[in-house]
Structures are given as structure tokens and as C-alpha cells.
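Enquirer: Structure incoming, see below.
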There are 2 protein chains.
Amino acid sequence: MANQKKVQQNTILDIAEALKLSPATISRALNDHPHVKEKTKNDVLKMAAQLGYRRNNMASGLRSNKTHTIGLIVPRISMFFHAEVITTIQNGLQKYGYNLIICQSNDSLDMEKELTEILLSSRVDGLIAACTLGTTDFSHFDKFLQNGTPVVFYDRVPLNEQKATIIKGDDFRGGYIATSHLIETGCKKIAHISGPLTSNLYQDRSAGFVKAMEQHKLSVNENWVFHQELTHANAREAMRKMFDGDVVPNGLFTDNDTSAIAALEFAREKGIDVPGELKIIGYSNDPRTSIITPAITTVEQFPDEVGKKIVEALINSLKNNTNITDERTVPITIPVQLIRRMTT
Amino acid sequence: MANQKKVQQNTILDIAEALKLSPATISRALNDHPHVKEKTKNDVLKMAAQLGYRRNNMASGLRSNKTHTIGLIVPRISMFFHAEVITTIQNGLQKYGYNLIICQSNDSLDMEKELTEILLSSRVDGLIAACTLGTTDFSHFDKFLQNGTPVVFYDRVPLNEQKATIIKGDDFRGGYIATSHLIETGCKKIAHISGPLTSNLYQDRSAGFVKAMEQHKLSVNENWVFHQELTHANAREAMRKMFDGDVVPNGLFTDNDTSAIAALEFAREKGIDVPGELKIIGYSNDPRTSIITPAITTVEQFPDEVGKKIVEALINSLKNNTNITDERTVPITIPVQLIRRMTT
DNA sequence: TTGTAGGCGTTATCAC
DNA sequence: GTGATAACGCCTACAA
């Protein structure tokens with residue numbers, strides 16, 4: 001009984017028998033093989049429909065060594081940016097006949113490792129990953145590369161990966177234009193609530209921040225620079241620390257929108273006028289930023305573009321099997337754009 | 001070359017050879033079969049790790065007729081409610097060793113049908129589905145039930161399905177408490193922006209609305225009741241129509257938060273005081289409702305609870321293979337709760 | 001254009 | 001406690 005749970009499904013043998021043909025012909029007909037008579041093809045298709053036949057992907061995959069399945073690992077699907085990217089990826093891959101196994105690491109490195117093992121067992125044809133913020137060692141992805149499975153990293157990516165495709169937003173420029181915008185609107189005392197420097201995202205945005213400051217001959221106040229998990233609570237705490245002091249910032253760049261929202265709420269409660277006394281700019285163009293009062297200026301990352309590039313790169317790798325091609329080593333960068341609203 | 005894309009992976013035969021054991025023993029050891037010596041088990045595990053062995057799920061599934069994979073069909077993962085439910089489901093199933101193939105129908109019935117075909121081919125061990133708003137004929141799910149694959153519907157569910165598990169929010173009560181709340185806070189002229197009546201969701205919420213109105217001897221103004229796709233634009237249009245008239249409502253119940261937000265924005269633009277002249281209540285407790293000014297009163301659906309119940313029900317069906325059990329026919333209802341904020 | 005036969009990697013059923 | 005063997009459903013040389 002253990003393995004009898006599922007009722008037996010029809011197989012190509014059933015179709016073969018019904019049509020007095022050989023299983024091979026059925027297989028060929030179903031796969032639209034050129035050397036099959038039109039009529040035979042039609043007969044097979046009709047009979048397949050009639051019997052409710054569905055190809056067994058396991059058997060097919062075992063034999064052909066292809067699963068038509070792509071693995072995807074993200075921190076959390078409920079993060080706006082990722083949700084949008086995933087939707088685009090899924091719709092894109094579907095057109096090419098690929099399925100997507102979506103896995104969430106919950107931003108846990110252990111979970112991420114476990115998921116790679118699972119996807120390895122599933123023999124996915126390709127892998128897409130946005131790593132956890134704490135992933136600095138990417139060796140758990142090596143197996144895929146080693147056995148020729150293309151890997152596309154996006155958003156949170158390895159720094160020195162030579163064999164995988166890397167797709168990232170222009171975080172340096174994002175940090176730079178956000179900070180420059182604050183400066184241009186009159187801020188001289190600028191704070192930066194950033195994420196942990198273990199991730200390329202925040203390294204680059206921080207570098208952009210520093211660059212803009214330097215270019216305008218503004219000094220960075222280290223007490224106003226935070227590297228922390230970008231939660232609502234942490235942002236509030238950072239705000240509290242800064243506004244406890246005698247000298248307070250008049251510009252704030254946060255590396256995500258949740259922090260910007262928290263900061264805005266804090267300002268509201270403390271009677272700090274935004275944008276009068278404090279200008280705020282966030283990152284990601286989360287739907288909440290346009291809805292809050294005042295609407296928050298932020299940096300658009302074009303998740304749709306990111307998703308499209310991922311699909312394009314992956315399909316390309318899958319087709320050409322160019323797993324050791326040079327072009328792959330050059331990261332693909334998606335532009336960002338300042339969305340100016342009411343907080344600056 | 002066609003099927004040589006992936007490098008050959010190690011198999012149990014490789015382990016067997018390295019250890020001078022038979023493949024059968026390796027298989028048993030890896031599956032923690034009772035009749036294997038501890039030492040042998042350890043040796044096998046060690047060698048498997050050393051060789052970087054990963055079980056081939058296709059081969060295993062083909063033989064054992066189990067995929068340890070659950071299919072999930074939702075309209076869109078980026079909808080807040082679904083994103084939360086999915087996260088809970090995935091984390092829950094993971095504990096039981098099940099993977100999840102997440103598919104998006106984009107609220108298209110054709111896509112939904114296609115996805116069932118794909119998941120049929122994948123021979124998923126179970127299926128979870130939140131249907132499109134237009135799904136009134138659920139026969140494309142019959143195949144799963146027929147071959148003994150448990151199916152759990154949630155949110156948007158079939159009305160007369162006898163063999164599948166049904167998990168839904170208490171939409172009738174949600175509509176009822178929302179409307180009652182408006183009445184209790186002084187509204188007598190109440191409008192209802194609802195979704196299409198093809199879905200149980202909006203049938204039930206509408207019934208709750210009507211029931212509350214009747215109970216308080218209030219008449220329903222049919223010009224103020226809309227059944228439409230619950231988009232931002234449609235809600236604005238509905239508002240425009242209502243507020244073009246001489247008599248305007250002073251209470252509004254919308255079946256989702258996007259519509260509530262659109263209505264609030266409309267009111268703001270037209271100088272209609274909320275909650276003074278118009279009270280608004282939404283549905284779902286989308287994060288945006290608590291962030292907008294004024295924060296919107298809404299109905300909490302407890303996606304986390306929904307997710308937990310789904311996992312529980314599914315695991316239960318999977319274990320007991322109770323595919324024709326009576327208890328399954330009784331829908332499981334998750335309570336809802338009024339979240340009172342500033343718009344009422 | 002169609003048929004035959006072998007094998008993909010694993011597990012289950014026998015034996016021993 | 002372990003080994004030999006067949007079978008899961010499909011695909012693809014090779015043969016006809």
C-alpha cells in the first residue's frame with residue numbers, strides 16, 4: 001500500500017496498445033519528432049487526450065537528463081522587490097517551457113545551504129539565487145557550476161564568481177544619486193542608515209554615499225552612519241540616537257524603504273518637519289512610499305527589468321551551454337532611477 | 001551532446017563500488033532502513049558525503065511513485081495575503097520534507113488550467129490552490145482527486161466540492177462585522193465596493209453586508225453597490241459615480257484594501273473629510289492601510305493561520321491517504337477580526 | 001516511417 | 001544484514 005497511494009496513470013504503453021503502435025512511435029509523436037506521419041501524430045494526440053495522458057516528468061527527466069525545472073532561492077517572496085522579480089521570471093520561463101521551484105531562505109544561511117542540496121537532488125536545469133545578507137562564502141553553489149548547471153545570481157551576489165551570471169542593480173549609482181539629491185536640495189548634515197557590509201548591496205550604496213559626500217566636500221559624521229539589519233525597529237533606534245544629540249542631521253539616506261518609513265514616523269512623532277528640517281530618501285520604491293504622507297522620495301530598482309535580464313541570461317546559458325564562457329564573468333548592471341516625492 | 005549538458009553525478013553505484021557493497025544496501029542505508037548495521041550506515045553516509053552524492057529525485061520518484069513535491073497555484077504571489085500564506089506553507093511543508101512548486105495563474109483561467117496540467121505531469125503528491133476569480137468550473141482539478149492526490153483549496157474555493165479540503169476565511173462574518181461597525185459608528189448611507197460575484201469571497205462578503213444592513217433596518221442603495229475587479233482605477237471610478245450624485249454615502253465598505261486606499265485618496269482630493277463625512281473600511285489588513293493617513297480600518301484575515309491549517313490538512317491527507325473521508329467535505333473556516341483605525 | 005531493445009538511478013521483492 | 005534482480009515510464013540508437 002505504501003506506494004499505491006496514487007492510482008496508476010496512463011502511460012505511452014497504454015496509448016501504444018490502444019493504437020496498435022509501438023511505444024517509440026508514441027513517444028516520437030508526442031515530442032513532435034519530424035519522422036512521424038501527420039496522421040499518426042494526430043491519432044496519438046487524440047488518443048492521449050482521450051485517455052487523459054500526461055507525460056511523467058520523472059521518467060522523462062531520468063532518461064533525458066533534463067528536468068525543465070529551474071530552482072530559485074530568495075530570502076523572502078514577500079519582499080516587494082523580490083515578489084516583482086519572481087513574477088517576471090516565472091512568466092518569462094513559462095514561455096520557454098520551464099517550471100520554477102521557488103524556495104525561501106528566510107535570510108538564513110543554513111537554510112540557503114539546505115535548499116541548494118534539495119535543488120541539487122531535484123536536478124534542476126538551472127539555478128537563480130538572491131543570497132542572504134550573511135552569505136559571504138558561496139561555495140555551496142559550486143556544485144551546480146561544476147556539473148554544468150547554469151547559475152544566475154541577482155541582487156545579493158558573490159563578488160568574485162567567475163563562472164556564474166551576475167545581475168545586479170547599480171547600487172553604487174543609487175547611493176550616489178540619492179546622496180547627491182539630498183545635497184542638491186540643501187542638506188549638508190547627512191545621515192546614512194545602511195545594511196550590513198557583508199553584502200555587496202550595502203557596500204556599493206555606502207560607497208556611492210561616500211563618493212557624493214566627498215565630491216561636495218562634505219564630511220561624513222560616523223555617528224550618523226549605521227550598518228544594521230534594515231528593520232523598522234532598528235531604524236527607529238538609530239533615529240533616537242541621532243536626535244538625542246545636540247547636532248542633528250538635516251538629510252537622511254536609508255538603504256531600504258522600511259527604514260525610511262520608520263524614520264518618517266519617528267520625525268512625525270517628534271514634531272520634526274519633513275522635508276523642512278529633515279529630508280529623507282529611501283530605496284526600492286516600495287508601494288508604501290508613495291502612499292504615506294508625505295510621500296517618500298526613493299530609488300527605483302526596476303524589478304521587472306531585473307527579472308527579464310535574468311530570464312534572458314538563463315535561457316541563453318541553457319541553450320548554448322556556455323558555462324565557461326567569458327561574457328558571463330561580466331556582471332550585468334540594471335540602472336536605477338531617482339523617484340522624487342515630498343520628503344526632499 | 002544534447003543530453004550531455006550536465007556532467008554525470010555520482011550514484012549509489014559509485015558508493016557501492018567504493019565500499020564494496022551492493023547498491024541495495026546503499027539505498028537502504030541512505031533511507032535509514034532498520035535492517036542495516038550501524039557501522040555500514042555510517043560508512044555509507046560518510047562515503048556519500050565524500051563523493052558529494054545527492055539522491056536523484058527523479059529516479060527515486062519514478063520508482064517509489066512519490067515526489068515529495070506539492071504544487072501550489074495562486075493568482076499572484078505579490079498579493080500581500082498570498083505572500084504571507086505561501087511563506088507559512090513553505091516553511092511548514094519543509095519540516096515534513098516536502099518541496100513546493102509555486103505557480104502563478106495571473107488570475108487567468110487558461111493559465112490555471114495549463115498549470116494543473118504541468119503539475120499533473122510533475123506528479124505532485126498534493127495540490128494547494130487559490131483559484132482565479134473567474135473559476136466557476138473546477139473540473140480541471142478533478143484529475144488530482146481521481147488519482148488520489150489530495151487537493152486543498154483556500155481563499156477562492158469551489159462551492160460544492162466533496163472530495164477536496166476547503167479552507168476559507170469567514171467572509172460572511174467579515175462582511176457582516178465591517179458593515180455593522182460602520183453602522184455602529186453612525187453611518188446610515190452605506191456603499192459597498194465588492195468583487196465579482198463569480199467568487200465565493202465576494203458572494204459571502206456581500207451576504208454579510210446585506211445581512212448587517214437588514215438587521216439594522218437599513219436599505220441597500222443599489223447605485224452604491226459595485227461588483228467589479230477590485231483595482232485602484234475601478235474604485236476611483238465608482239467613487240466618482242457616487243459622489244457625482246445629489247445624495248452621497250457616508251459609509252463605505254470595500255472588499256479589498258486597494259479599493260479602500262483609492263477611495264481615501266479620492267476623498268482627500270475632493271475635500272471629503274474622512275472619517276467626518278465618510279467612513280471607510282477595507283479588507284485584508286494590507287501593510288499600506290496602517291501607513292496611510294488616516295490609517296484605514298480593515299478586516300484581518302490571519303494569513304498565517306490559513307497557511308498553518310493548509311499544511312496541517314495536507315499533511316494529514318498525505319499520511320492517512322484519506323482521500324474519500326467525510327471530514328474533508330466540511331470546509332474549515334478561519335476567523336476574521338476587525339482592525340479599527342482612523343477612517344471610522 | 002515505424003519497431004526493437006537497452007538503460008537512465010532508484011527501490012522493492014525475493015533470496016541467502 | 002546483505003546481495004541479486006526486476007521494474008518504475010520514457011527516450012533514442014539502431015534496425016527494418
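Letters for chains follow the order of the C-alpha cells (A, B, ...), residue numbers begin at 1 for each chain, and ligand numbers begin at 1 in the order shown.
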With a distance threshold of 6 Å and counting only C-alpha atoms (C1' of nucleotides), extract the residues of chain B near chain D and express them as a PDB file with all heavy atoms, in the first residue's frame.
Expert:
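part.pdb was written with the following content:
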ATOM      1  N   VAL B  36      19.850  -2.456   8.613  1.00  0.00           N
ATOM      2  CA  VAL B  36      21.218  -2.174   8.172  1.00  0.00           C
ATOM      3  C   VAL B  36      22.085  -1.951   9.404  1.00  0.00           C
ATOM      4  O   VAL B  36      21.681  -1.264  10.344  1.00  0.00           O
ATOM      5  CB  VAL B  36      21.277  -0.923   7.274  1.00  0.00           C
ATOM      6  CG1 VAL B  36      22.683  -0.680   6.776  1.00  0.00           C
ATOM      7  CG2 VAL B  36      20.312  -1.074   6.110  1.00  0.00           C
ATOM      8  N   LEU B  62      10.333   8.032  -9.583  1.00  0.00           N
ATOM      9  CA  LEU B  62       9.821   7.122 -10.608  1.00  0.00           C
ATOM     10  C   LEU B  62       9.552   5.749 -10.011  1.00  0.00           C
ATOM     11  O   LEU B  62       8.524   5.130 -10.245  1.00  0.00           O
ATOM     12  CB  LEU B  62      10.849   7.012 -11.736  1.00  0.00           C
ATOM     13  CG  LEU B  62      10.487   6.081 -12.880  1.00  0.00           C
ATOM     14  CD1 LEU B  62       9.176   6.506 -13.527  1.00  0.00           C
ATOM     15  CD2 LEU B  62      11.599   6.056 -13.912  1.00  0.00           C
ATOM     16  N   ARG B  63      10.520   5.328  -9.225  1.00  0.00           N
ATOM     17  CA  ARG B  63      10.402   4.002  -8.627  1.00  0.00           C
ATOM     18  C   ARG B  63       9.349   3.963  -7.507  1.00  0.00           C
ATOM     19  O   ARG B  63       8.520   3.079  -7.437  1.00  0.00           O
ATOM     20  CB  ARG B  63      11.774   3.608  -8.072  1.00  0.00           C
ATOM     21  CG  ARG B  63      11.845   2.247  -7.430  1.00  0.00           C
ATOM     22  CD  ARG B  63      11.471   1.178  -8.437  1.00  0.00           C
ATOM     23  NE  ARG B  63      10.376   0.376  -7.949  1.00  0.00           N
ATOM     24  CZ  ARG B  63      10.482  -0.889  -7.557  1.00  0.00           C
ATOM     25  NH1 ARG B  63      11.618  -1.520  -7.681  1.00  0.00           N
ATOM     26  NH2 ARG B  63       9.462  -1.531  -7.091  1.00  0.00           N
TER      27      ARG B  63
END
Enquirer: Using only C-alpha atoms, find each residue in chain A having at least one atom no more than 6 Å away from chain B; report its shortest atom-to-atom pair and that distance in Å (one decimal), rows by chain then rising number, as a tab-separated table.
Expert:
residue	atom	partner	partner_atom	distance
A:Asn3	CA	B:Ser64	CA	6.0
A:Lys6	CA	B:Gly148	CA	5.1
A:Val7	CA	B:Asn147	CA	4.6
A:Arg54	CA	B:Ser121	CA	5.4
A:Arg55	CA	B:Ser121	CA	5.4
A:Asn56	CA	B:Ser121	CA	5.2
A:Asn57	CA	B:Ser122	CA	5.3
A:Met58	CA	B:Met58	CA	4.6
A:Leu62	CA	B:Met58	CA	5.8
A:Ser78	CA	B:Ala83	CA	5.1
A:Ala83	CA	B:Ser78	CA	5.1
A:Ile101	CA	B:Ile101	CA	4.8
A:Ser121	CA	B:Asn56	CA	5.2
A:Ser122	CA	B:Asn57	CA	5.3
A:Asn147	CA	B:Val7	CA	4.6
A:Gly148	CA	B:Lys6	CA	5.1
A:Arg288	CA	B:Arg288	CA	5.6
A:Ile291	CA	B:Ile292	CA	5.8
A:Ile292	CA	B:Ile292	CA	4.8
Enquirer: Separation of atom CA of Tyr154 of chain A and atom CA of Thr258 of chain A, in Å?
Expert: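 Value for the atom CA of Tyr154 of chain A-atom CA of Thr258 of chain A distance: 20.9 Å.
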Enquirer: Atom CA of Asp107 of chain A and atom CA of Thr132 of chain A, how far apart in Å?
Expert: 4.6 Å
Enquirer: DSSP on the backbone: what in segment 80-251 of chain A comes out alpha helix (DSSP H), as a PyMOL selection string?
Expert: chain A and resi 80-95+109-121+142-146+171-184+200-215+232-244
Enquirer: Given a cut-off of 7 Å, which residues of chain C touch chain B, counting only C-alpha atoms (C1' of nucleotides), written out as a list in words?
Expert: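 Interface list for chain C against chain B: DG9, DT10 and DT11 of chain C.
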Enquirer: Grab the atom CA of Ser206 of chain A to atom CA of Met242 of chain A distance for me, in Å with one decimal place.
Expert: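 Answer for the atom CA of Ser206 of chain A to atom CA of Met242 of chain A separation: 18.4 Å.
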Enquirer: Run DSSP on the backbone of this structure and report the residues of segment 250-309 of chain A it assigns to strand (DSSP E or B), as a list in words.
Expert: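 Taking segment 250-309 of chain A and keeping strand (DSSP E or B) only, one gets Gly251, Leu252, Phe253, Thr254, Lys279, Ile280, Ile281, Thr297, Thr298, Val299 and Glu300 of chain A.
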Enquirer: Looking at only C-alpha atoms, which of A:Arg156, A:Arg341, A:Arg268, A:His232 is the one that sits closest to Ser199 of chain A?
Expert: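 Closest to Ser199 of chain A of all the choices is A:Arg156.
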